[in-house]
Amino acid sequence: MKTASCSILIILLSFGFSLYSQVKVSGRITDNKGLSLPGANVSIKGTYDGASADTAGRFSFLASDTGKQILQVSYIGYRTYEQQIDLSRSLDSVLIQMDEQAGEIRSVMITAGAFETGETKKPIVLKPMDIATTPSAVGDIYGALTTLPGTQVVGNEGGLYVRGGEGYETKTFIDGLMVANPYMSKMPDLPTRSRFSPILFTGTAFSTGGYSAEYGQALSSAINLNTTGMADQNQGAFSLMTVGMNGSYTHKWERTSFSGTLQYLNMQPYYSLSKQRMDWKKAPEQTGGTMLFRQKFGKYGMLKVFGSTDNSNSSLYYNMTGSDDDVTLIKLENHNVYINAVYNDLLSEKWRIKTGIAYGYDQNKTGFSLNLLNDQTRSFHHRTTLTYEVPKKFNLKLGEEVGGNYFNRSYFASDSGRTYGSGIRLMDYALYAEPEIRVKEKIVLRTGLRAEYLSLSNEWQLVPRISVAWHTGDYSQVSLACGMFRQHTENQVLVMSPSLKSEKAAHLILNYMYEVNDRIFRAEIYQKWYNNLVRYESETNPDPGTYNNDGFGYARGIDLFWRDSKTIRNLDYWVSWSWIDTKRNYKTYTQSRMPSFVSPQTLSIVGKYFIRKYNTYTGLTFMHANPKTYYNPYIPNSAADRTKSYNDLSLNITCIRPLLGTYCAFLININNIAGFNNVYGFNYSAAENGVGYEKSPIKPQSKRFFVAGFYLIIK
């Protein structure tokens, strides 16, 4: 299902809409030339009260504390601003002028394999608004991350494929708690999308490898999405797009806030206007909603509760090879629920606690003509982390976590009239410790150790990791990371052979970063070794003896990244380039070869220009990927055929205008405006037709994808 998120519009209008209160703080933020600084963060120091500046640099928020306080303002590329204010009364028209800074890396930090997005961490590679406004992503979190180095374009699957790893090897966490099913369900040969809108998150920590011991059960990559904090005002919103509609409301009390969103998506109107390659009997339709609850406790404590649910259904006539005799009616129905609760607080001046629990439920019903496959997944994850910190000297994390995964699969066979079923119950337990030591502000060393136990395979394992960073100059640093990583194999394989052991990988990463005046350059080289990968004769073979852990592989490569938002006024752009050499012998492979989802070289160029006079954002994304090797499983020694190169040029235009005392926005997003004829791979027939096996190309649903929308803020 290819749907567009309303978040593209929402995030552009999320900067500082205010209401009157007893203690109101409002004003404007500019640079030393008088130019506004949209998106600058302003807050009362030591509290959760604050806001972000709008496109004109204006801000407004309600302060719960009174008396003399410190007003703190931060913005990327500018020195942090602090001013004492008196909150015995409301403050209007506070003028703040920020000074640019050289942009050097003043505090050394480990960056090997790590991409941070947000307004409070440095170095910043992508800002929160970038996730929603990258044209090629159409509001999808994983689509935006695909423009970063180390990732692959896999247009017939979706998800995130990182440095030779499959999509399932990338794990998603929300506020540190794992999400078992972060992607929408999908039809064959069509991409999937994230279940979550980027507007829900203030920052994204994306690691391409070598990540903290805090994250386990992730073989290649980890993504941690940080949900938003306290709302700063009461506000409603409504959006109407070519693919559906969305309504939301936020209410703020003195120490509590609640936000709720309802969404309805239906692709039928769009498909009736734009011809699709697939023959849909029922176009994808989805209903869903999210909720965000925040409650302050004491001066520093906060409880966050996040929940989402969605229901979708669709059906199409699937023709794998193009033959009239090879058509199957596939029906898809999905129900998903995810909820987590996280509590943060200070235990003392140096100790902080973070604890939480998450629950997920996913039911996927897939009908093949008269046959029905029913998969149900119930998952939960609990984590508690204690952090001890001596600023600029020492940091220690101690934690424990428990995870549960209950998977049941049933299959109704129409020819026999029987239903076959099986299930697994997987529990995993972990303890971790991770000290970080700073040496004279030039060197930081972080060592980590995880102790894990998996009940299903009765595995005990120790997983060591180590990282070091060296501050080589005012603007540069070098980082090195290495470690061991483990992950139990996919549910649909474990249910056939529960005794399979964990798959394993070792990462080695060397990173160089240079940052000055809103310009960032990163270069990384890496090597990965895989072992214990799962092999089988057929993924659905019910004989456990046909599965084993004899698979292996490697991946090595170079990733380059450059971002510049300074040289040309109002222009922000980044360039990513990756080269990878990788081979695997796993699954049904009969020899080591490059997987069909890997392009040896990829290039992404993203440019965004803000037309201040008309309050309009424009963006272009160009993506290129070298030909992929496709593989005919019926001729094992033929692995030399290649697809065409992949190319995409996408456009995004968003205009924000005042309307009846509030704001509205208009959006146009077009993917592949040049009409490139992309091919992702080939499908083969199950039997020969006298001259060989029939094959048909796997292509996008249509050459172009178009989204238009309107969004209105309701105070």
# chains A, B, ... in the order shown; residues from 1 in each chain; ligands from 1

call {"tool": "residues_around", "arguments": {"residues": "region 433-438 of chain A", "least_positions_apart": "2", "cutoff": "6 Å", "atoms": "only C-alpha atoms", "output": "MDAnalysis selection string"}}
result
chainID A and resid 393:398 441 443:449

call {"tool": "write_last_selection", "arguments": {"atoms": "all heavy atoms", "output": "compact mmCIF listing (two decimals), in the first residue's frame"}}
result
# COMPACT_ATOMS: atom_id res chain seq x y z
N LYS A 393 32.96 14.32 32.36
CA LYS A 393 33.99 13.40 32.85
C LYS A 393 33.60 11.94 32.70
O LYS A 393 34.35 11.14 32.14
CB LYS A 393 34.31 13.70 34.32
CG LYS A 393 35.00 15.03 34.55
CD LYS A 393 35.35 15.21 36.01
CE LYS A 393 36.07 16.54 36.25
NZ LYS A 393 36.41 16.71 37.69
N PHE A 394 32.42 11.58 33.22
CA PHE A 394 32.09 10.17 33.33
C PHE A 394 30.59 9.97 33.21
O PHE A 394 29.79 10.77 33.71
CB PHE A 394 32.59 9.61 34.67
CG PHE A 394 32.28 8.16 34.88
CD1 PHE A 394 33.01 7.18 34.21
CD2 PHE A 394 31.27 7.77 35.74
CE1 PHE A 394 32.73 5.84 34.41
CE2 PHE A 394 30.99 6.43 35.95
CZ PHE A 394 31.72 5.46 35.28
N ASN A 395 30.21 8.88 32.52
CA ASN A 395 28.80 8.53 32.37
C ASN A 395 28.70 7.01 32.45
O ASN A 395 29.50 6.30 31.85
CB ASN A 395 28.27 9.05 31.02
CG ASN A 395 26.81 8.71 30.82
OD1 ASN A 395 26.47 7.56 30.53
ND2 ASN A 395 25.94 9.70 30.94
N LEU A 396 27.72 6.52 33.19
CA LEU A 396 27.53 5.08 33.34
C LEU A 396 26.06 4.74 33.16
O LEU A 396 25.19 5.33 33.81
CB LEU A 396 28.01 4.60 34.71
CG LEU A 396 27.70 3.14 35.07
CD1 LEU A 396 28.47 2.20 34.15
CD2 LEU A 396 28.02 2.87 36.53
N LYS A 397 25.78 3.76 32.29
CA LYS A 397 24.43 3.24 32.11
C LYS A 397 24.37 1.80 32.61
O LYS A 397 25.20 0.98 32.24
CB LYS A 397 24.01 3.29 30.64
CG LYS A 397 23.69 4.68 30.12
CD LYS A 397 23.18 4.61 28.69
CE LYS A 397 22.84 6.00 28.17
NZ LYS A 397 22.33 5.94 26.77
N LEU A 398 23.37 1.53 33.43
CA LEU A 398 23.10 0.18 33.91
C LEU A 398 21.64 -0.13 33.59
O LEU A 398 20.76 0.70 33.87
CB LEU A 398 23.34 0.07 35.41
CG LEU A 398 24.75 0.40 35.92
CD1 LEU A 398 24.76 0.44 37.43
CD2 LEU A 398 25.74 -0.63 35.40
N GLU A 441 38.76 16.16 27.66
CA GLU A 441 37.87 16.71 26.64
C GLU A 441 38.36 16.45 25.21
O GLU A 441 37.82 17.01 24.26
CB GLU A 441 37.65 18.21 26.84
CG GLU A 441 36.96 18.54 28.15
CD GLU A 441 36.55 19.98 28.24
OE1 GLU A 441 36.86 20.75 27.30
OE2 GLU A 441 35.92 20.35 29.24
N ILE A 443 39.37 13.00 24.26
CA ILE A 443 39.11 11.60 23.95
C ILE A 443 37.95 11.11 24.80
O ILE A 443 37.86 11.45 26.00
CB ILE A 443 40.36 10.74 24.22
CG1 ILE A 443 41.52 11.17 23.32
CG2 ILE A 443 40.05 9.26 24.00
CD1 ILE A 443 42.82 10.45 23.61
N VAL A 444 37.06 10.36 24.19
CA VAL A 444 35.99 9.72 24.94
C VAL A 444 36.02 8.22 24.60
O VAL A 444 36.15 7.84 23.44
CB VAL A 444 34.61 10.33 24.62
CG1 VAL A 444 34.28 10.24 23.15
CG2 VAL A 444 33.52 9.64 25.44
N LEU A 445 35.92 7.39 25.63
CA LEU A 445 35.96 5.94 25.48
C LEU A 445 34.68 5.36 26.07
O LEU A 445 34.32 5.66 27.21
CB LEU A 445 37.18 5.35 26.20
CG LEU A 445 37.26 3.82 26.26
CD1 LEU A 445 37.48 3.25 24.87
CD2 LEU A 445 38.38 3.38 27.21
N ARG A 446 34.00 4.52 25.28
CA ARG A 446 32.77 3.88 25.74
C ARG A 446 32.89 2.37 25.53
O ARG A 446 33.14 1.91 24.42
CB ARG A 446 31.56 4.41 24.98
CG ARG A 446 30.24 3.84 25.48
CD ARG A 446 29.07 4.55 24.81
NE ARG A 446 28.98 4.22 23.39
CZ ARG A 446 28.31 4.97 22.51
NH1 ARG A 446 27.72 6.09 22.87
NH2 ARG A 446 28.26 4.59 21.24
N THR A 447 32.72 1.63 26.60
CA THR A 447 32.72 0.18 26.52
C THR A 447 31.36 -0.33 26.98
O THR A 447 30.77 0.22 27.90
CB THR A 447 33.82 -0.44 27.39
OG1 THR A 447 33.61 -0.05 28.75
CG2 THR A 447 35.19 0.02 26.94
N GLY A 448 30.89 -1.38 26.36
CA GLY A 448 29.58 -1.91 26.72
C GLY A 448 29.57 -3.43 26.70
O GLY A 448 30.31 -4.06 25.94
N LEU A 449 28.74 -3.99 27.56
CA LEU A 449 28.60 -5.45 27.60
C LEU A 449 27.14 -5.80 27.87
O LEU A 449 26.54 -5.29 28.82
CB LEU A 449 29.49 -6.04 28.70
CG LEU A 449 29.46 -7.58 28.82
CD1 LEU A 449 30.07 -8.20 27.57
CD2 LEU A 449 30.21 -8.02 30.07

call {"tool": "closest_residue", "arguments": {"among": "A:Asn511, A:Thr261, A:Asn532, A:Ser212", "to": "His488 (chain A)", "atoms": "only C-alpha atoms"}}
result
A:Asn532

call {"tool": "atom_distance", "arguments": {"atom1": "CA of Asn311 (chain A)", "atom2": "CA of Met184 (chain A)"}}
result
9.8 Å

call {"tool": "atom_distance", "arguments": {"atom1": "CA of Arg556 (chain A)", "atom2": "CA of Asp130 (chain A)"}}
result
28.3 Å

call {"tool": "atom_distance", "arguments": {"atom1": "CA of Trp529 (chain A)", "atom2": "CA of Lys628 (chain A)"}}
result
21.5 Å

call {"tool": "closest_residue", "arguments": {"among": "A:Arg657, A:His381, A:Arg163, A:Lys33", "to": "Thr616 (chain A)", "atoms": "only C-alpha atoms"}}
result
A:Arg657

call {"tool": "closest_residue", "arguments": {"among": "A:Gly399, A:Ser455, A:Val153, A:Gly139", "to": "Val679 (chain A)", "atoms": "only C-alpha atoms"}}
result
A:Val153

call {"tool": "select_by_dssp", "arguments": {"residues": "region 89-269 of chain A", "states": "strand (DSSP E or B)", "output": "PyMOL selection string"}}
result
chain A and resi 91-98+100+114-117+124-126+151+158+162+170-174+177-179+183+192+194+201-207+221-227+235-241+244-252+256-266

call {"tool": "residues_around", "arguments": {"residues": "region 567-580 of chain A", "least_positions_apart": "2", "cutoff": "9 Å", "atoms": "only C-alpha atoms", "output": "ChimeraX atom specification"}}
result
/A:147-151,163-164,518-519,555-565,582,598-612

call {"tool": "write_last_selection", "arguments": {"atoms": "C-alpha atoms", "output": "mmCIF file, in the first residue's frame"}}
result
data_model
loop_
_atom_site.group_PDB
_atom_site.id
_atom_site.type_symbol
_atom_site.label_atom_id
_atom_site.label_comp_id
_atom_site.auth_asym_id
_atom_site.auth_seq_id
_atom_site.Cartn_x
_atom_site.Cartn_y
_atom_site.Cartn_z
ATOM 1 C CA THR A 147 18.670 9.416 1.474
ATOM 2 C CA LEU A 148 21.478 8.854 3.999
ATOM 3 C CA PRO A 149 24.604 6.848 3.123
ATOM 4 C CA GLY A 150 24.697 3.135 3.873
ATOM 5 C CA THR A 151 21.078 2.479 2.877
ATOM 6 C CA ARG A 163 24.987 -2.002 4.761
ATOM 7 C CA GLY A 164 24.200 -5.388 3.258
ATOM 8 C CA ASP A 518 26.416 24.749 9.237
ATOM 9 C CA ARG A 519 28.469 22.514 6.974
ATOM 10 C CA ALA A 555 29.875 -6.599 3.809
ATOM 11 C CA ARG A 556 32.423 -3.830 3.436
ATOM 12 C CA GLY A 557 32.149 -0.346 2.043
ATOM 13 C CA ILE A 558 32.615 3.416 2.090
ATOM 14 C CA ASP A 559 29.962 6.011 2.973
ATOM 15 C CA LEU A 560 30.300 9.758 2.298
ATOM 16 C CA PHE A 561 27.949 12.551 3.408
ATOM 17 C CA TRP A 562 28.025 16.326 2.874
ATOM 18 C CA ARG A 563 25.468 18.891 4.033
ATOM 19 C CA ASP A 564 25.585 22.654 3.512
ATOM 20 C CA SER A 565 22.938 25.103 4.705
ATOM 21 C CA THR A 582 28.913 -7.777 -0.043
ATOM 22 C CA VAL A 598 21.958 -4.554 -3.064
ATOM 23 C CA SER A 599 23.208 -1.908 -5.514
ATOM 24 C CA PRO A 600 27.027 -1.585 -5.460
ATOM 25 C CA GLN A 601 26.808 2.226 -5.566
ATOM 26 C CA THR A 602 24.038 4.636 -4.539
ATOM 27 C CA LEU A 603 23.795 8.421 -4.759
ATOM 28 C CA SER A 604 21.252 10.801 -3.180
ATOM 29 C CA ILE A 605 21.075 14.572 -3.655
ATOM 30 C CA VAL A 606 18.468 16.496 -1.664
ATOM 31 C CA GLY A 607 17.976 20.245 -2.025
ATOM 32 C CA LYS A 608 15.490 22.542 -0.254
ATOM 33 C CA TYR A 609 14.927 26.218 -0.880
ATOM 34 C CA PHE A 610 12.807 28.528 1.279
ATOM 35 C CA ILE A 611 11.189 31.445 -0.561
ATOM 36 C CA ARG A 612 10.728 33.821 2.382
#

call {"tool": "closest_residue", "arguments": {"among": "A:Tyr475, A:Tyr536, A:Phe61, A:Tyr81", "to": "Met513 (chain A)", "atoms": "only C-alpha atoms"}}
result
A:Tyr475

call {"tool": "closest_residue", "arguments": {"among": "A:Tyr429, A:Phe521, A:Trp280, A:Phe238", "to": "Trp460 (chain A)", "atoms": "only C-alpha atoms"}}
result
A:Tyr429

call {"tool": "select_by_dssp", "arguments": {"residues": "region 237-301 of chain A", "states": "alpha helix (DSSP H)", "output": "list of chain:residue names"}}
result
A:Gln268, A:Pro269, A:Tyr270, A:Tyr271, A:Ser272, A:Leu273

call {"tool": "residues_around", "arguments": {"residues": "Ser36 (chain A)", "least_positions_apart": "2", "cutoff": "8 Å", "atoms": "only C-alpha atoms", "output": "short mmCIF file (atom, residue, chain, number, x, y, z; two decimals) with all heavy atoms, in the first residue's frame"}}
result
data_model
loop_
_atom_site.label_atom_id
_atom_site.label_comp_id
_atom_site.auth_asym_id
_atom_site.auth_seq_id
_atom_site.Cartn_x
_atom_site.Cartn_y
_atom_site.Cartn_z
N ARG A 28 10.10 37.28 19.51
CA ARG A 28 10.64 36.97 18.19
C ARG A 28 12.13 36.70 18.30
O ARG A 28 12.83 37.34 19.10
CB ARG A 28 10.37 38.12 17.21
CG ARG A 28 10.77 37.81 15.77
CD ARG A 28 10.19 38.83 14.80
NE ARG A 28 10.53 38.50 13.43
CZ ARG A 28 11.46 39.15 12.71
NH1 ARG A 28 12.11 40.18 13.25
NH2 ARG A 28 11.72 38.79 11.47
N ILE A 29 12.61 35.77 17.49
CA ILE A 29 14.01 35.37 17.50
C ILE A 29 14.61 35.67 16.13
O ILE A 29 14.07 35.24 15.10
CB ILE A 29 14.17 33.88 17.82
CG1 ILE A 29 13.48 33.54 19.15
CG2 ILE A 29 15.64 33.48 17.88
CD1 ILE A 29 13.39 32.06 19.42
N THR A 30 15.73 36.40 16.10
CA THR A 30 16.40 36.74 14.84
C THR A 30 17.90 36.52 14.99
O THR A 30 18.42 36.31 16.10
CB THR A 30 16.15 38.20 14.43
OG1 THR A 30 16.83 39.07 15.36
CG2 THR A 30 14.66 38.53 14.44
N ASP A 31 18.60 36.61 13.85
CA ASP A 31 20.06 36.63 13.92
C ASP A 31 20.53 38.07 14.04
O ASP A 31 19.71 38.99 14.17
CB ASP A 31 20.67 35.93 12.70
CG ASP A 31 20.32 36.63 11.38
OD1 ASP A 31 19.79 37.76 11.42
OD2 ASP A 31 20.58 36.03 10.32
N GLY A 34 18.95 40.60 11.72
CA GLY A 34 17.52 40.83 11.77
C GLY A 34 16.69 39.79 11.04
O GLY A 34 15.47 39.93 10.94
N PRO A 38 13.43 30.46 11.98
CA PRO A 38 12.33 29.51 12.18
C PRO A 38 12.81 28.19 12.75
O PRO A 38 13.84 27.66 12.34
CB PRO A 38 11.77 29.32 10.76
CG PRO A 38 12.89 29.68 9.85
CD PRO A 38 13.65 30.75 10.55
N THR A 55 7.71 30.32 11.24
CA THR A 55 8.49 30.71 10.06
C THR A 55 8.91 32.17 10.08
O THR A 55 9.82 32.56 9.34
CB THR A 55 7.67 30.44 8.78
OG1 THR A 55 6.41 31.11 8.88
CG2 THR A 55 7.43 28.95 8.60
N ALA A 56 8.27 32.98 10.90
CA ALA A 56 8.65 34.39 11.03
C ALA A 56 9.54 34.62 12.24
O ALA A 56 9.87 35.76 12.57
CB ALA A 56 7.41 35.27 11.13
N GLY A 57 9.95 33.53 12.91
CA GLY A 57 10.79 33.65 14.09
C GLY A 57 10.03 33.94 15.36
O GLY A 57 10.63 34.10 16.42
#

call {"tool": "residues_around", "arguments": {"residues": "region 483-487 of chain A", "least_positions_apart": "6", "cutoff": "6 Å", "atoms": "only C-alpha atoms", "output": "list of chain:residue names"}}
result
A:Gln217, A:Ala218, A:Leu219, A:Val463, A:Pro464, A:Arg465, A:Ser502, A:Glu503, A:Lys504, A:Ala505, A:Ala506, A:His507

call {"tool": "write_last_selection", "arguments": {"atoms": "N, CA, C and O atoms", "output": "mmCIF file, in the first residue's frame"}}
result
data_model
loop_
_atom_site.group_PDB
_atom_site.id
_atom_site.type_symbol
_atom_site.label_atom_id
_atom_site.label_comp_id
_atom_site.auth_asym_id
_atom_site.auth_seq_id
_atom_site.Cartn_x
_atom_site.Cartn_y
_atom_site.Cartn_z
ATOM 1 N N GLN A 217 19.117 -7.416 19.969
ATOM 2 C CA GLN A 217 18.247 -8.061 18.988
ATOM 3 C C GLN A 217 18.126 -7.252 17.698
ATOM 4 O O GLN A 217 17.053 -7.147 17.107
ATOM 5 N N ALA A 218 19.225 -6.651 17.274
ATOM 6 C CA ALA A 218 19.283 -5.901 16.019
ATOM 7 C C ALA A 218 20.608 -6.233 15.351
ATOM 8 O O ALA A 218 21.670 -5.885 15.879
ATOM 9 N N LEU A 219 20.556 -6.882 14.203
ATOM 10 C CA LEU A 219 21.763 -7.411 13.577
ATOM 11 C C LEU A 219 22.534 -6.360 12.791
ATOM 12 O O LEU A 219 23.759 -6.388 12.755
ATOM 13 N N VAL A 463 27.709 -10.176 24.750
ATOM 14 C CA VAL A 463 27.841 -9.360 23.543
ATOM 15 C C VAL A 463 28.641 -8.105 23.897
ATOM 16 O O VAL A 463 28.090 -7.130 24.410
ATOM 17 N N PRO A 464 29.954 -8.084 23.629
ATOM 18 C CA PRO A 464 30.780 -6.912 23.954
ATOM 19 C C PRO A 464 30.771 -5.872 22.831
ATOM 20 O O PRO A 464 30.637 -6.214 21.648
ATOM 21 N N ARG A 465 30.915 -4.612 23.216
ATOM 22 C CA ARG A 465 31.019 -3.513 22.248
ATOM 23 C C ARG A 465 31.940 -2.441 22.814
ATOM 24 O O ARG A 465 31.982 -2.222 24.021
ATOM 25 N N SER A 502 20.519 -17.954 17.241
ATOM 26 C CA SER A 502 20.543 -16.563 16.806
ATOM 27 C C SER A 502 21.503 -16.371 15.635
ATOM 28 O O SER A 502 22.540 -17.032 15.552
ATOM 29 N N GLU A 503 21.152 -15.439 14.752
ATOM 30 C CA GLU A 503 22.077 -15.004 13.713
ATOM 31 C C GLU A 503 23.046 -13.992 14.324
ATOM 32 O O GLU A 503 22.693 -13.246 15.239
ATOM 33 N N LYS A 504 24.295 -13.952 13.796
ATOM 34 C CA LYS A 504 25.342 -13.147 14.419
ATOM 35 C C LYS A 504 26.025 -12.243 13.392
ATOM 36 O O LYS A 504 26.103 -12.565 12.210
ATOM 37 N N ALA A 505 26.525 -11.109 13.905
ATOM 38 C CA ALA A 505 27.305 -10.200 13.064
ATOM 39 C C ALA A 505 28.338 -9.495 13.926
ATOM 40 O O ALA A 505 28.121 -9.253 15.122
ATOM 41 N N ALA A 506 29.469 -9.161 13.316
ATOM 42 C CA ALA A 506 30.504 -8.347 13.952
ATOM 43 C C ALA A 506 30.688 -7.093 13.109
ATOM 44 O O ALA A 506 30.736 -7.173 11.875
ATOM 45 N N HIS A 507 30.753 -5.917 13.765
ATOM 46 C CA HIS A 507 30.886 -4.634 13.072
ATOM 47 C C HIS A 507 32.224 -3.988 13.413
ATOM 48 O O HIS A 507 32.653 -4.018 14.575
#

call {"tool": "closest_residue", "arguments": {"among": "A:Leu386, A:Val337, A:Ala674, A:Val493", "to": "Arg535 (chain A)", "atoms": "only C-alpha atoms"}}
result
A:Val493

call {"tool": "residues_around", "arguments": {"residues": "Ala358 (chain A)", "least_positions_apart": "4", "cutoff": "9 Å", "atoms": "only C-alpha atoms", "output": "number ranges by chain"}}
result
A: 177-179, 338-342, 379-382

call {"tool": "residues_around", "arguments": {"residues": "Ile70 (chain A)", "least_positions_apart": "6", "cutoff": "10 Å", "atoms": "only C-alpha atoms", "output": "PyMOL selection string"}}
result
chain A and resi 43-46+81-87
